[in-house]
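S.K.: Starting off with a structure, shown below.
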Amino acid sequence: MGCLKKNYYFSSFFWSTLQKILTAIVGFVSVPLLLKYYGSENYGILSLAVACNGYMHLLDLGMNVGAVRYFSLWWSQNNTEKVNRVARTNITFYSIIAFVNAALLVSLAYWGESLFSTSHDQFLQLRTCLFILALFSMLSWGTTTFQQLLIAAKKLAYTSQIQIFQTLLKLALVGLVFKLELSLTSYFFVLTLIISCLIIPYALKCRKDKLIDSIKPAFYWKDFKVVIIFCLSIFLLSLFQVTASQSRPIILGIFSTDGPLVNTEFRILEVVPQLIITISATVSSMFLPKTTELIAKGAQTDICKFAYKWTFLTTIITCCLCFPFILGANEVLSAYVGNHYSYLSAWFMLWVFITFIQMHCTPAYSLILAKGETKVLICITGCSCILSLILNIIFAERYGVGSAIIAYSIYVMLNMISYYFIFYSRILGLSKIKIIVSFFKPTLLAFIALVIVYLLHLENFFKGRDLRVTYIVVFMLKTFCWVLLYYILMVLFKQISIKNKEIITIYD
């Protein structure tokens, strides 16, 4: 049984991380090519369209968390019949949501021109992109139920494998842009089609593994009620989280002096933080079925052990994801989109660092969601969200893309403070000190390694060679030195050790 658990964690993390890294590599290759082909201002139109549609995901009403929680709970109780009834009703629910989503996008396409600082021709392109998103709403939302079932059934590895194939299709599409000279809207149409087609393999897998007895929509609203009531609290939480995140490019598009250009800068900067967030979100999806079982059993000792150990491990993982990019910010941007964008390095480092702060608490946050006591969390998240919106609006004209990063940093820090000083001890019964120690030790050693490698000034060995490959080599060299030094420090200070060819942590 212990081996099975390890295999679940390993396979889920391996495939999901591989998928996210591959997505980042494809983005690293495709974004500069598409940016050069379509132009920075026109390419910024895609960012606006995606941001508008991303905000529509508030219509989910928190079901993405609530459904996984209850599916996991009911399967642990062998109540498969209830899973079937609620899952089929969920299909009906998302069909309604898809229709509302499409209607809102069409309305924005017809009457939203005055909202954005774009030219008339640019808005016409944006309008076409919004129509495309509306067209595929039913398929996009329809995928959600099947994805929830697969995650709750601990088949995260399968969903990641399918998404890897999808990423390869996206890369092939970039090649077709140049070969067939596709217009911006044609590219966006095919891209949205590729994303929407996830529903096919997901639905087939659910039917094959008997996770659902039929894909025909149903109307078991009485059974569905218990899920939706819980989800309404998650919805308010999601409302503030999505608003704080997805509103940033929209606010920049409205209040900055050059909406499309600033959104292009935003799109450039968000690739790495988004990669880190999506990997951590995948870890959260991996944790949620497990934490639901722990909370259901009420085993406080196991809950504490899970929180401390996985906070420690998640901190190490996020250190390895974030610190190399902080160390090599200039090289990453120069290799990615050219050294004329290196002026964004400071904002890039701040965004990656605040992402690190945000993501290290993923295990304990999964326990909070599994516990279901979210009233105080909603109030604090709401207040920090409103404050971040106000700051983004105030600073948008002065700092451009930096205003979004400053505002989001305030949002994250306020939430982190509340986690440590309210939720961990009062709701979960955890020791704040032990959680802080689990986070602080690997972070301090990571920072020491960063300072040492920074003082080596490795970039000086390649001075005067303004080539993309040179920037990549410098970044890889810095990353290798940092990882090696970080590993040595972790071993020297007895945070990890090697026994029987396996890495053992202080919590094993």
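For the structure tokens, the naming scheme is as follows: chains receive sequential letters (A, B, ...) according to their order of presentation, residues are indexed from 1 within each chain, and ligands are indexed from 1 in presentation order.
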According to DSSP computed on the backbone, where in stretch 408-442 of chain A is there alpha helix (DSSP H)? Give the residues as a count of residues only.

M.R.: 25

S.K.: Within 12 Å of stretch 449-465 of chain A, which residues of stretch 350-444 of chain A come that close, and what is the closest atom pair and distance in Å for each? Count only C-alpha atoms and give it as a tab-separated table.

M.R.:
residue	atom	partner	partner_atom	distance
A:Pro442	CA	A:Ala449	CA	10.7
A:Thr443	CA	A:Ala449	CA	9.9
A:Leu444	CA	A:Ala449	CA	8.7

S.K.: Extract, using only C-alpha atoms, all DNA, RNA and protein residues at most 12 Å from A:Phe99, discarding same-chain residues fewer than 2 positions from it, and format them as a list of chain:residue names.

M.R.: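 Here the answer would be A:Met56, A:Leu59, A:Thr92, A:Phe93, A:Tyr94, A:Ser95, A:Ile96, A:Ile97, A:Asn101, A:Ala102, A:Ala103, A:Leu104, A:Leu105, A:Val106, A:Leu133, A:Ala134, A:Leu135, A:Phe136, A:Ser137, A:Met138, A:Leu139, A:Ser140, A:Trp141, A:Gly142.
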
S.K.: Can you write just those residues out, N, CA, C and O atoms, as a short mmCIF file (atom, residue, chain, number, x, y, z; two decimals), in the first residue's frame?

M.R.:
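Ended up saving to again.cif:
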data_model
loop_
_atom_site.label_atom_id
_atom_site.label_comp_id
_atom_site.auth_asym_id
_atom_site.auth_seq_id
_atom_site.Cartn_x
_atom_site.Cartn_y
_atom_site.Cartn_z
N MET A 56 -14.15 34.69 -17.25
CA MET A 56 -15.45 34.02 -17.33
C MET A 56 -15.45 32.71 -16.54
O MET A 56 -16.51 32.17 -16.21
N LEU A 59 -17.61 31.61 -13.58
CA LEU A 59 -18.91 30.94 -13.70
C LEU A 59 -18.85 29.50 -13.22
O LEU A 59 -19.89 28.86 -13.03
N THR A 92 -24.96 18.73 -17.06
CA THR A 92 -26.05 19.69 -17.31
C THR A 92 -25.66 21.08 -16.81
O THR A 92 -25.88 22.09 -17.49
N PHE A 93 -25.09 21.13 -15.62
CA PHE A 93 -24.68 22.40 -15.02
C PHE A 93 -23.69 23.14 -15.91
O PHE A 93 -23.84 24.34 -16.19
N TYR A 94 -22.69 22.41 -16.43
CA TYR A 94 -21.68 23.05 -17.26
C TYR A 94 -22.22 23.42 -18.64
O TYR A 94 -21.68 24.33 -19.29
N SER A 95 -23.24 22.73 -19.11
CA SER A 95 -23.88 23.12 -20.37
C SER A 95 -24.55 24.48 -20.23
O SER A 95 -24.47 25.33 -21.12
N ILE A 96 -25.17 24.69 -19.08
CA ILE A 96 -25.80 25.99 -18.80
C ILE A 96 -24.73 27.08 -18.70
O ILE A 96 -24.87 28.18 -19.26
N ILE A 97 -23.65 26.76 -17.99
CA ILE A 97 -22.55 27.71 -17.83
C ILE A 97 -21.95 28.07 -19.19
O ILE A 97 -21.62 29.24 -19.46
N ASN A 101 -21.55 31.76 -20.71
CA ASN A 101 -20.22 32.20 -21.09
C ASN A 101 -20.21 32.73 -22.52
O ASN A 101 -19.68 33.82 -22.82
N ALA A 102 -20.81 31.98 -23.43
CA ALA A 102 -20.85 32.38 -24.84
C ALA A 102 -21.62 33.68 -25.01
O ALA A 102 -21.20 34.57 -25.77
N ALA A 103 -22.74 33.80 -24.31
CA ALA A 103 -23.56 35.01 -24.41
C ALA A 103 -22.79 36.24 -23.93
O ALA A 103 -22.85 37.32 -24.55
N LEU A 104 -22.05 36.10 -22.84
CA LEU A 104 -21.26 37.22 -22.31
C LEU A 104 -20.14 37.63 -23.26
O LEU A 104 -19.86 38.82 -23.46
N LEU A 105 -19.48 36.64 -23.85
CA LEU A 105 -18.40 36.93 -24.80
C LEU A 105 -18.93 37.64 -26.04
O LEU A 105 -18.31 38.58 -26.54
N VAL A 106 -20.08 37.19 -26.54
CA VAL A 106 -20.69 37.83 -27.71
C VAL A 106 -21.10 39.27 -27.37
O VAL A 106 -20.90 40.20 -28.17
N LEU A 133 -13.95 32.13 -29.16
CA LEU A 133 -14.06 31.57 -27.81
C LEU A 133 -15.50 31.20 -27.48
O LEU A 133 -15.75 30.16 -26.85
N ALA A 134 -16.44 32.04 -27.90
CA ALA A 134 -17.87 31.75 -27.67
C ALA A 134 -18.30 30.49 -28.41
O ALA A 134 -19.06 29.67 -27.89
N LEU A 135 -17.78 30.32 -29.62
CA LEU A 135 -18.14 29.16 -30.44
C LEU A 135 -17.76 27.84 -29.77
O LEU A 135 -18.50 26.86 -29.83
N PHE A 136 -16.60 27.83 -29.12
CA PHE A 136 -16.10 26.60 -28.52
C PHE A 136 -16.40 26.47 -27.03
O PHE A 136 -15.87 25.58 -26.36
N SER A 137 -17.24 27.35 -26.50
CA SER A 137 -17.52 27.34 -25.06
C SER A 137 -18.08 26.00 -24.58
O SER A 137 -17.71 25.49 -23.52
N MET A 138 -19.00 25.42 -25.38
CA MET A 138 -19.65 24.17 -24.96
C MET A 138 -18.63 23.05 -24.78
O MET A 138 -18.66 22.31 -23.81
N LEU A 139 -17.70 22.93 -25.74
CA LEU A 139 -16.68 21.88 -25.64
C LEU A 139 -15.71 22.16 -24.50
O LEU A 139 -15.33 21.25 -23.76
N SER A 140 -15.30 23.42 -24.35
CA SER A 140 -14.33 23.78 -23.31
C SER A 140 -14.88 23.49 -21.92
O SER A 140 -14.21 22.88 -21.08
N TRP A 141 -16.11 23.93 -21.68
CA TRP A 141 -16.72 23.69 -20.37
C TRP A 141 -17.09 22.22 -20.19
O TRP A 141 -17.04 21.69 -19.07
N GLY A 142 -17.45 21.54 -21.27
CA GLY A 142 -17.82 20.14 -21.18
C GLY A 142 -16.68 19.26 -20.72
O GLY A 142 -16.89 18.19 -20.12
#

S.K.: Tell me, in Å to one decimal, how far atom CA of A:His360 is from atom CA of A:Thr314.

M.R.: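 These two atoms are separated by 5.7 Å.
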
S.K.: When you draw a straight line from atom CA of A:Leu126 to atom CA of A:Ser107, how long is it in Å?

M.R.: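 According to the coordinates, atom CA of A:Leu126 and atom CA of A:Ser107 are separated by 12.7 Å.
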
S.K.: I'd like the interatomic distance between atom CA of A:Asn84 and atom CA of A:Ser11, to a tenth of an Å.

M.R.: 26.6 Å

S.K.: Between A:Lys434, A:Arg69, A:Lys20, A:Arg248, which has the minimum distance to A:Ser160 (counting only C-alpha atoms)?

M.R.: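 Of A:Lys434, A:Arg69, A:Lys20, A:Arg248, the one nearest A:Ser160 is A:Lys20, counting only C-alpha atoms.
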
S.K.: I'd like the neighbourhood of A:Phe255 as a compact mmCIF listing (two decimals) with N, CA and C atoms, in the first residue's frame, where a residue qualifies if any of its atoms comes within 7 Å (using only C-alpha atoms), though same-chain residues fewer than 4 positions away should be ignored.

M.R.:
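Everything below was put into selection.txt:
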# COMPACT_ATOMS: atom_id res chain seq x y z
N ILE A 251 -7.14 45.36 -16.59
CA ILE A 251 -6.93 46.70 -16.02
C ILE A 251 -5.83 47.43 -16.78
N ILE A 393 -4.97 49.86 -10.49
CA ILE A 393 -5.57 51.00 -11.21
C ILE A 393 -4.77 52.27 -10.98
N ALA A 396 -1.23 51.93 -12.76
CA ALA A 396 -1.18 51.43 -14.14
C ALA A 396 -0.53 52.43 -15.10
N GLU A 397 -0.90 53.68 -15.00
CA GLU A 397 -0.36 54.67 -15.93
C GLU A 397 1.10 54.97 -15.64

S.K.: Excluding A:Phe189 and any residue of its chain fewer than 5 positions from it, enumerate the residues within 9 Å of it, using only C-alpha atoms, and give them as a list of chain:residue names.

M.R.: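 Neighbouring residues, sequence-local ones excluded: A:Cys129, A:Ile132, A:Leu133, A:Leu184, A:Ile194.
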
S.K.: Please produce a file of the residues just selected, as a PDB file, in the first residue's frame, where the atoms kept are N, CA, C and O atoms.

M.R.:
ATOM      1  N   CYS A 129     -11.762  37.131 -32.108  1.00  0.00           N
ATOM      2  CA  CYS A 129     -11.246  36.172 -31.122  1.00  0.00           C
ATOM      3  C   CYS A 129     -12.301  35.841 -30.074  1.00  0.00           C
ATOM      4  O   CYS A 129     -12.428  34.687 -29.646  1.00  0.00           O
ATOM      5  N   ILE A 132     -14.754  33.424 -31.523  1.00  0.00           N
ATOM      6  CA  ILE A 132     -14.170  32.070 -31.573  1.00  0.00           C
ATOM      7  C   ILE A 132     -14.280  31.393 -30.220  1.00  0.00           C
ATOM      8  O   ILE A 132     -14.668  30.219 -30.116  1.00  0.00           O
ATOM      9  N   LEU A 133     -13.951  32.133 -29.155  1.00  0.00           N
ATOM     10  CA  LEU A 133     -14.056  31.572 -27.808  1.00  0.00           C
ATOM     11  C   LEU A 133     -15.497  31.201 -27.480  1.00  0.00           C
ATOM     12  O   LEU A 133     -15.753  30.162 -26.855  1.00  0.00           O
ATOM     13  N   LEU A 184      -3.799  36.061 -37.778  1.00  0.00           N
ATOM     14  CA  LEU A 184      -3.884  35.986 -36.320  1.00  0.00           C
ATOM     15  C   LEU A 184      -5.150  35.267 -35.880  1.00  0.00           C
ATOM     16  O   LEU A 184      -5.114  34.403 -34.994  1.00  0.00           O
ATOM     17  N   ILE A 194      -7.904  22.991 -30.803  1.00  0.00           N
ATOM     18  CA  ILE A 194      -7.012  21.995 -30.189  1.00  0.00           C
ATOM     19  C   ILE A 194      -7.279  21.878 -28.691  1.00  0.00           C
ATOM     20  O   ILE A 194      -7.366  20.779 -28.134  1.00  0.00           O
TER      21      ILE A 194
END

S.K.: I'd like the contact shell of A:Leu350 - 9 Å cut-off, only C-alpha atoms, skipping same-chain residues fewer than 3 positions apart - returned as a list in words.

M.R.: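 In the requested form, the answer reads Ile326, Ser345, Ala346, Trp347, Phe353, Ile354, Thr355, Ile405, Ile406 and Ser409 of chain A.
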
S.K.: Need to verify the contact set: A:Met349, 12 Å, only C-alpha atoms, exclusion of same-chain residues closer than 3 positions in sequence. Can you return it as a VMD selection string?

M.R.: chain A and resid 269 to 270 272 to 273 322 to 333 342 to 346 352 to 356 402 405 to 406 409

S.K.: With the cut-off set at 12 Å and counting only C-alpha atoms, tabulate each residue of stretch 255-313 of chain A with an atom at most that distance from an atom of stretch 410-424 of chain A, showing the nearest atom pair and its distance in Å to one decimal, ordered by chain and increasing number, as JSON lines.

M.R.:
{"residue": "A:Ile303", "atom": "CA", "partner": "A:Tyr424", "partner_atom": "CA", "distance": 11.3}
{"residue": "A:Cys304", "atom": "CA", "partner": "A:Tyr424", "partner_atom": "CA", "distance": 10.1}
{"residue": "A:Ala307", "atom": "CA", "partner": "A:Tyr424", "partner_atom": "CA", "distance": 9.5}
{"residue": "A:Tyr308", "atom": "CA", "partner": "A:Tyr424", "partner_atom": "CA", "distance": 11.0}

S.K.: Keeping only all heavy atoms, write those residues as a short mmCIF file (atom, residue, chain, number, x, y, z; two decimals), in the first residue's frame.

M.R.:
data_model
loop_
_atom_site.label_atom_id
_atom_site.label_comp_id
_atom_site.auth_asym_id
_atom_site.auth_seq_id
_atom_site.Cartn_x
_atom_site.Cartn_y
_atom_site.Cartn_z
N ILE A 303 -2.40 14.17 9.64
CA ILE A 303 -2.59 15.49 9.03
C ILE A 303 -1.36 16.37 9.28
O ILE A 303 -0.86 17.02 8.36
CB ILE A 303 -3.86 16.16 9.59
CG1 ILE A 303 -5.12 15.44 9.08
CG2 ILE A 303 -3.91 17.65 9.19
CD1 ILE A 303 -6.40 15.92 9.74
N CYS A 304 -0.88 16.37 10.52
CA CYS A 304 0.30 17.17 10.86
C CYS A 304 1.54 16.69 10.10
O CYS A 304 2.30 17.50 9.56
CB CYS A 304 0.56 17.12 12.36
SG CYS A 304 -0.68 17.97 13.36
N ALA A 307 1.33 17.82 6.52
CA ALA A 307 1.54 19.26 6.35
C ALA A 307 3.01 19.63 6.46
O ALA A 307 3.54 20.38 5.62
CB ALA A 307 0.72 20.03 7.39
N TYR A 308 3.71 19.13 7.48
CA TYR A 308 5.09 19.50 7.69
C TYR A 308 6.00 18.92 6.61
O TYR A 308 6.86 19.62 6.05
CB TYR A 308 5.57 19.03 9.07
CG TYR A 308 4.72 19.51 10.21
CD1 TYR A 308 4.49 18.71 11.34
CD2 TYR A 308 4.10 20.77 10.18
CE1 TYR A 308 3.69 19.16 12.39
CE2 TYR A 308 3.31 21.21 11.22
CZ TYR A 308 3.11 20.39 12.32
OH TYR A 308 2.31 20.83 13.36
#
